[in-house]
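Engineer: The structure under discussion is supplied below as structure tokens; questions concerning it will follow.
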Amino acid sequence: MASFLLAVSLLWTAVWWFAAWSHIPLFSEYSFFPLWLGYILSVNAFSEFFFRDSLLKRMGYDFVWLFVISVPAWWFFEFLNSFVHNWQYLYRPISSLHFVLQSSIDFSSVVPAVLSTSFLFYYLFKRYTLHSRPFAVTNKSLLFVVCLGAISFCVMPFFPNQTFPLVWIAPLLIIDPLNYKFGFPSVLAYIKNGSWKLPIAVMIGSLCTGFWWEMWNFWSYPKWIYTIPYLGFGKIFEMPILGFGGYLFFGLIIWSYSVLVFSIAKMPLPLTQK
């Protein structure tokens, strides 16, 4: 059954990959969500085939909530981009409403894609021991990190060309300490205990997902392009090579944000270390 689902998912993905790069009107313009739905299902089918486990299997119907919480998450990054102007879309929507609706549908794939890939890498890393010496986390250090995150948000509108990397750091500086303080799973709690397996899996999983985002985007329409001050050189697809480093932190933001939402809603968490 797992092999059948994997084959079907890969075929679905291949069809929409062709659609995204075909530039055929309508067919290409609405290919983003079905293509990424295929990616999400393929990653989960791959995980199920090789490890007899997957994020989709673990979460069941709750997996749908990952699509729901993904929409406000990426619109928040769009809000931050309104200050730094690091990316823009090449797209001709019919109206503002059309842009918002289609974008929201497309944005809904972000969280399930990142977490499904992170789950797969967590299984791949299970045999390895990724530990370091524990260290102490104090209330003062937590307050300092949160204040640093708040200051980062405050300076971005005034110094966008100098602070644009904070888009991918500042949210983590606030969300993860909150998770730690509330007793929810957090990056801080894992690395405090010297356990790096899950954070590294999330970072590599997000980087892998980012590769597919950028690769599929390159010949697609609609698409996005980047305008990066100082560091816009050495592009791989449309992304400057140093920009891929942002995906490492982006994955941790997505994981921490998902943990916070699911913990507050008292729902089973999408991905935690056993």
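Residue names in the structure tokens use chain letters A, B, ... in the order shown, residue numbers from 1 in each chain, and ligand numbers from 1 in the order shown.
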Per residue of stretch 178-227 of chain A within 9 Å of stretch 124-142 of chain A, which atom pair is closest and at what distance in Å (one decimal), using only C-alpha atoms, listed by chain and increasing number, as CSV?
Structural biologist:
```
residue,atom,partner,partner_atom,distance
A:Leu178,CA,A:Leu142,CA,8.6
A:Tyr180,CA,A:Leu142,CA,8.8
A:Lys181,CA,A:Leu142,CA,8.3
A:Leu188,CA,A:Val137,CA,8.1
A:Ala189,CA,A:Val137,CA,8.6
A:Ile191,CA,A:Pro134,CA,7.1
A:Lys192,CA,A:Pro134,CA,5.1
A:Asn193,CA,A:Pro134,CA,4.6
A:Gly194,CA,A:Ser132,CA,4.4
A:Ser195,CA,A:His131,CA,4.9
A:Trp196,CA,A:Leu130,CA,5.4
A:Lys197,CA,A:Leu130,CA,5.4
A:Leu198,CA,A:Phe125,CA,8.7
A:Ile200,CA,A:Leu130,CA,8.8
A:Ala201,CA,A:Phe125,CA,7.2
```
Engineer: Can those selected residues be exported to a file as a compact mmCIF listing (two decimals), in the first residue's frame so that it contains N, CA and C atoms?
Structural biologist:
```txt
# COMPACT_ATOMS: atom_id res chain seq x y z
N LEU A 178 9.01 31.72 24.76
CA LEU A 178 7.66 31.58 25.29
C LEU A 178 7.31 30.10 25.48
N TYR A 180 9.39 27.71 25.97
CA TYR A 180 10.20 27.23 27.10
C TYR A 180 9.58 27.63 28.42
N LYS A 181 9.17 28.88 28.53
CA LYS A 181 8.61 29.39 29.78
C LYS A 181 7.28 28.73 30.12
N LEU A 188 15.17 25.64 22.87
CA LEU A 188 15.98 25.92 24.05
C LEU A 188 16.04 24.73 24.99
N ALA A 189 14.89 24.09 25.21
CA ALA A 189 14.86 22.96 26.14
C ALA A 189 15.69 21.80 25.61
N ILE A 191 18.34 21.92 23.41
CA ILE A 191 19.78 22.16 23.41
C ILE A 191 20.29 22.42 24.83
N LYS A 192 19.41 22.88 25.73
CA LYS A 192 19.79 23.02 27.13
C LYS A 192 20.22 21.66 27.70
N ASN A 193 19.49 20.61 27.28
CA ASN A 193 19.81 19.26 27.73
C ASN A 193 20.85 18.58 26.86
N GLY A 194 21.39 19.32 25.90
CA GLY A 194 22.43 18.78 25.04
C GLY A 194 21.92 17.90 23.93
N SER A 195 20.62 17.98 23.64
CA SER A 195 20.01 17.12 22.61
C SER A 195 19.74 17.94 21.35
N TRP A 196 20.51 17.69 20.31
CA TRP A 196 20.44 18.47 19.08
C TRP A 196 19.73 17.76 17.93
N LYS A 197 19.30 16.54 18.14
CA LYS A 197 18.79 15.73 17.02
C LYS A 197 17.59 16.38 16.34
N LEU A 198 16.58 16.76 17.12
CA LEU A 198 15.39 17.33 16.51
C LEU A 198 15.66 18.71 15.91
N ILE A 200 18.37 19.91 14.62
CA ILE A 200 19.14 19.73 13.39
C ILE A 200 18.27 19.14 12.29
N ALA A 201 17.42 18.17 12.65
CA ALA A 201 16.51 17.58 11.67
C ALA A 201 15.58 18.64 11.08
```
Engineer: Residues of stretch 24-235 of chain A in helix (DSSP H, G or I) according to DSSP, as an NGL selection string?
Structural biologist: :A and (32-51 or 55-84 or 96-107 or 110-124 or 139-155 or 160-168 or 170-182 or 187-192 or 197-218)
Engineer: With a distance cut-off of 10 Å and only C-alpha atoms, select the neighbouring residues of A:Trp219, excluding the residue or stretch itself and same-chain residues fewer than 5 positions from it, and output the selection as a ChimeraX atom specification.
Structural biologist: /A:20-23,214,237-238
Engineer: Which of these residues is nearest to A:Gly251, using only C-alpha atoms: A:Gly183, A:Pro34, A:Pro199, A:Pro157?
Structural biologist: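 Smallest distance to A:Gly251 is found for A:Pro199.
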Engineer: Give one line per residue of stretch 174-270 of chain A that approaches stretch 3-19 of chain A to at most 12 Å, naming the two atoms of the closest pair and their distance in Å to one decimal, counting only C-alpha atoms; sort by chain then ascending residue number and deliver it as JSON lines.
Structural biologist:
```
{"residue": "A:Trp212", "atom": "CA", "partner": "A:Trp17", "partner_atom": "CA", "distance": 10.8}
{"residue": "A:Trp213", "atom": "CA", "partner": "A:Trp17", "partner_atom": "CA", "distance": 11.5}
{"residue": "A:Met215", "atom": "CA", "partner": "A:Trp17", "partner_atom": "CA", "distance": 10.6}
{"residue": "A:Trp216", "atom": "CA", "partner": "A:Trp17", "partner_atom": "CA", "distance": 7.4}
{"residue": "A:Asn217", "atom": "CA", "partner": "A:Trp17", "partner_atom": "CA", "distance": 10.1}
{"residue": "A:Phe218", "atom": "CA", "partner": "A:Trp17", "partner_atom": "CA", "distance": 11.7}
{"residue": "A:Trp219", "atom": "CA", "partner": "A:Trp17", "partner_atom": "CA", "distance": 10.1}
{"residue": "A:Ser220", "atom": "CA", "partner": "A:Ala19", "partner_atom": "CA", "distance": 8.6}
{"residue": "A:Tyr221", "atom": "CA", "partner": "A:Ala19", "partner_atom": "CA", "distance": 9.6}
{"residue": "A:Pro222", "atom": "CA", "partner": "A:Ala19", "partner_atom": "CA", "distance": 11.5}
```
Engineer: Write out, as an mmCIF file, in the first residue's frame, the residues just selected, with C-alpha atoms.
Structural biologist:
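Below is the file again.cif, written as the result:
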```
data_model
loop_
_atom_site.group_PDB
_atom_site.id
_atom_site.type_symbol
_atom_site.label_atom_id
_atom_site.label_comp_id
_atom_site.auth_asym_id
_atom_site.auth_seq_id
_atom_site.Cartn_x
_atom_site.Cartn_y
_atom_site.Cartn_z
ATOM 1 C CA TRP A 212 12.587 22.480 -3.908
ATOM 2 C CA TRP A 213 10.857 25.834 -3.421
ATOM 3 C CA MET A 215 14.184 25.045 -7.910
ATOM 4 C CA TRP A 216 10.506 24.786 -8.885
ATOM 5 C CA ASN A 217 10.132 28.551 -8.691
ATOM 6 C CA PHE A 218 12.962 29.241 -11.161
ATOM 7 C CA TRP A 219 11.081 28.338 -14.368
ATOM 8 C CA SER A 220 7.557 28.793 -13.033
ATOM 9 C CA TYR A 221 4.951 31.449 -13.559
ATOM 10 C CA PRO A 222 3.809 33.013 -11.265
#
```
Engineer: Within 8 Å of stretch 55-69 of chain A, which residues of stretch 95-199 of chain A come that close, and what is the closest atom pair and distance in Å for each? Count only C-alpha atoms and give it as a tab-separated table.
Structural biologist:
```
residue	atom	partner	partner_atom	distance
A:Ser108	CA	A:Phe67	CA	4.5
A:Ser109	CA	A:Phe67	CA	5.8
A:Val110	CA	A:Phe67	CA	7.6
A:Val111	CA	A:Leu66	CA	5.9
A:Pro112	CA	A:Leu66	CA	5.4
A:Leu115	CA	A:Leu55	CA	7.8
A:Ser116	CA	A:Leu55	CA	5.8
A:Phe119	CA	A:Leu55	CA	6.3
```
Engineer: Take the selection from the previous step and output its residues with C-alpha atoms, as a PDB file, in the first residue's frame.
Structural biologist:
```pdb
ATOM      1  CA  SER A 108      -1.157  26.946   3.328  1.00  0.00           C
ATOM      2  CA  SER A 109       1.379  24.407   2.059  1.00  0.00           C
ATOM      3  CA  VAL A 110       4.378  25.924   3.883  1.00  0.00           C
ATOM      4  CA  VAL A 111       4.036  24.432   7.384  1.00  0.00           C
ATOM      5  CA  PRO A 112       3.035  20.886   6.345  1.00  0.00           C
ATOM      6  CA  LEU A 115       7.341  19.650   9.125  1.00  0.00           C
ATOM      7  CA  SER A 116       6.792  16.588   6.916  1.00  0.00           C
ATOM      8  CA  PHE A 119       9.953  14.352  10.296  1.00  0.00           C
TER       9      PHE A 119
END
```
Engineer: Neighbouring residues of A:Ile169 were defined as those with any atom within 9 Å, considering only C-alpha atoms; residues of the same chain fewer than 5 positions away were excluded. Please report them as a list in words.
Structural biologist: Gly149, Ser152, Gly246, Phe249, Phe250 and Ile253 of chain A
Engineer: Can you pull out the residues contacting A:Gln88? Cut-off 9 Å, using only C-alpha atoms, and skip same-chain residues under 5 positions away; I want them as a PyMOL selection string.
Structural biologist: chain A and resi 81+223-227
Engineer: Can you spit out the residues from that selection as a tab-separated table (two decimals), in the first residue's frame, using N, CA and C atoms?
Structural biologist:
```
chain	number	residue	atom	x	y	z
A	81	ASN	N	8.15	41.53	5.11
A	81	ASN	CA	8.76	41.86	3.81
A	81	ASN	C	8.31	43.24	3.32
A	223	LYS	N	5.94	33.50	-10.21
A	223	LYS	CA	7.18	33.20	-9.50
A	223	LYS	C	7.56	34.40	-8.64
A	224	TRP	N	8.62	34.23	-7.85
A	224	TRP	CA	9.13	35.35	-7.07
A	224	TRP	C	10.60	35.56	-7.40
A	225	ILE	N	11.04	36.77	-7.19
A	225	ILE	CA	12.45	37.11	-7.36
A	225	ILE	C	12.93	37.84	-6.10
A	226	TYR	N	14.25	37.90	-5.92
A	226	TYR	CA	14.82	38.49	-4.71
A	226	TYR	C	15.60	39.76	-5.02
A	227	THR	N	15.49	40.72	-4.11
A	227	THR	CA	16.31	41.92	-4.15
A	227	THR	C	16.98	42.02	-2.78
```
Engineer: Quick one: everything within 12 Å of A:Ile105, counting only C-alpha atoms, minus sequence neighbours fewer than 2 positions away in the same chain. Send it as a PyMOL selection string.
Structural biologist: chain A and resi 30-34+36-37+67-72+74-75+98-103+107-110
Engineer: Let me make sure I understand: among A:Trp255, A:Phe262, A:Phe49, A:Phe144, which one has the smallest atom-to-atom distance to A:Ser118 if we use only C-alpha atoms?
Structural biologist: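 Of the candidates, the smallest distance to A:Ser118 is held by A:Trp255.
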Engineer: Find the residues around A:Tyr247 up to 10 Å (only C-alpha atoms counted), leave out those fewer than 3 positions away in its own chain, and share them as a list in words.
Structural biologist: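 After dropping sequence-adjacent residues, the list is Val114, Trp168, Val202, Met203, Ile204, Gly205, Ser206, Leu207, Cys208, Thr209, Gly210, Phe211, Gly243, Phe244, Phe250, Gly251, Leu252 and Ile253 of chain A.
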Engineer: Atoms to include: N, CA and C atoms. Write the selected residues as a PDB file, in the first residue's frame.
Structural biologist:
```pdb
ATOM      1  N   VAL A 114       7.336  21.816   5.440  1.00  0.00           N
ATOM      2  CA  VAL A 114       8.532  21.888   6.283  1.00  0.00           C
ATOM      3  C   VAL A 114       8.508  20.795   7.351  1.00  0.00           C
ATOM      4  N   TRP A 168      14.381  36.382   9.604  1.00  0.00           N
ATOM      5  CA  TRP A 168      14.438  34.938   9.800  1.00  0.00           C
ATOM      6  C   TRP A 168      14.985  34.552  11.175  1.00  0.00           C
ATOM      7  N   VAL A 202      15.077  19.529  11.923  1.00  0.00           N
ATOM      8  CA  VAL A 202      14.187  20.589  11.452  1.00  0.00           C
ATOM      9  C   VAL A 202      14.936  21.553  10.548  1.00  0.00           C
ATOM     10  N   MET A 203      16.152  21.902  10.910  1.00  0.00           N
ATOM     11  CA  MET A 203      16.939  22.839  10.104  1.00  0.00           C
ATOM     12  C   MET A 203      17.273  22.241   8.733  1.00  0.00           C
ATOM     13  N   ILE A 204      17.730  20.983   8.722  1.00  0.00           N
ATOM     14  CA  ILE A 204      18.073  20.341   7.450  1.00  0.00           C
ATOM     15  C   ILE A 204      16.805  20.085   6.637  1.00  0.00           C
ATOM     16  N   GLY A 205      15.724  19.710   7.306  1.00  0.00           N
ATOM     17  CA  GLY A 205      14.462  19.489   6.608  1.00  0.00           C
ATOM     18  C   GLY A 205      13.968  20.758   5.940  1.00  0.00           C
ATOM     19  N   SER A 206      14.092  21.879   6.641  1.00  0.00           N
ATOM     20  CA  SER A 206      13.676  23.155   6.060  1.00  0.00           C
ATOM     21  C   SER A 206      14.570  23.549   4.890  1.00  0.00           C
ATOM     22  N   LEU A 207      15.878  23.309   5.010  1.00  0.00           N
ATOM     23  CA  LEU A 207      16.802  23.610   3.918  1.00  0.00           C
ATOM     24  C   LEU A 207      16.480  22.770   2.685  1.00  0.00           C
ATOM     25  N   CYS A 208      16.171  21.506   2.901  1.00  0.00           N
ATOM     26  CA  CYS A 208      15.789  20.623   1.793  1.00  0.00           C
ATOM     27  C   CYS A 208      14.511  21.114   1.127  1.00  0.00           C
ATOM     28  N   THR A 209      13.531  21.483   1.937  1.00  0.00           N
ATOM     29  CA  THR A 209      12.286  22.020   1.396  1.00  0.00           C
ATOM     30  C   THR A 209      12.553  23.294   0.617  1.00  0.00           C
ATOM     31  N   GLY A 210      13.441  24.132   1.164  1.00  0.00           N
ATOM     32  CA  GLY A 210      13.794  25.370   0.483  1.00  0.00           C
ATOM     33  C   GLY A 210      14.409  25.136  -0.883  1.00  0.00           C
ATOM     34  N   PHE A 211      15.217  24.085  -1.014  1.00  0.00           N
ATOM     35  CA  PHE A 211      15.797  23.760  -2.322  1.00  0.00           C
ATOM     36  C   PHE A 211      14.697  23.536  -3.348  1.00  0.00           C
ATOM     37  N   GLY A 243      21.483  33.302   1.096  1.00  0.00           N
ATOM     38  CA  GLY A 243      20.078  33.332   1.511  1.00  0.00           C
ATOM     39  C   GLY A 243      19.555  31.978   1.939  1.00  0.00           C
ATOM     40  N   PHE A 244      20.171  30.893   1.434  1.00  0.00           N
ATOM     41  CA  PHE A 244      19.723  29.563   1.839  1.00  0.00           C
ATOM     42  C   PHE A 244      19.951  29.341   3.332  1.00  0.00           C
ATOM     43  N   PHE A 250      14.412  29.507   9.533  1.00  0.00           N
ATOM     44  CA  PHE A 250      12.994  29.490   9.177  1.00  0.00           C
ATOM     45  C   PHE A 250      12.331  28.199   9.660  1.00  0.00           C
ATOM     46  N   GLY A 251      13.025  27.070   9.486  1.00  0.00           N
ATOM     47  CA  GLY A 251      12.467  25.799   9.941  1.00  0.00           C
ATOM     48  C   GLY A 251      12.215  25.787  11.436  1.00  0.00           C
ATOM     49  N   LEU A 252      13.149  26.349  12.208  1.00  0.00           N
ATOM     50  CA  LEU A 252      12.980  26.402  13.659  1.00  0.00           C
ATOM     51  C   LEU A 252      11.817  27.311  14.042  1.00  0.00           C
ATOM     52  N   ILE A 253      11.634  28.401  13.291  1.00  0.00           N
ATOM     53  CA  ILE A 253      10.482  29.276  13.536  1.00  0.00           C
ATOM     54  C   ILE A 253       9.184  28.523  13.293  1.00  0.00           C
TER      55      ILE A 253
END
```
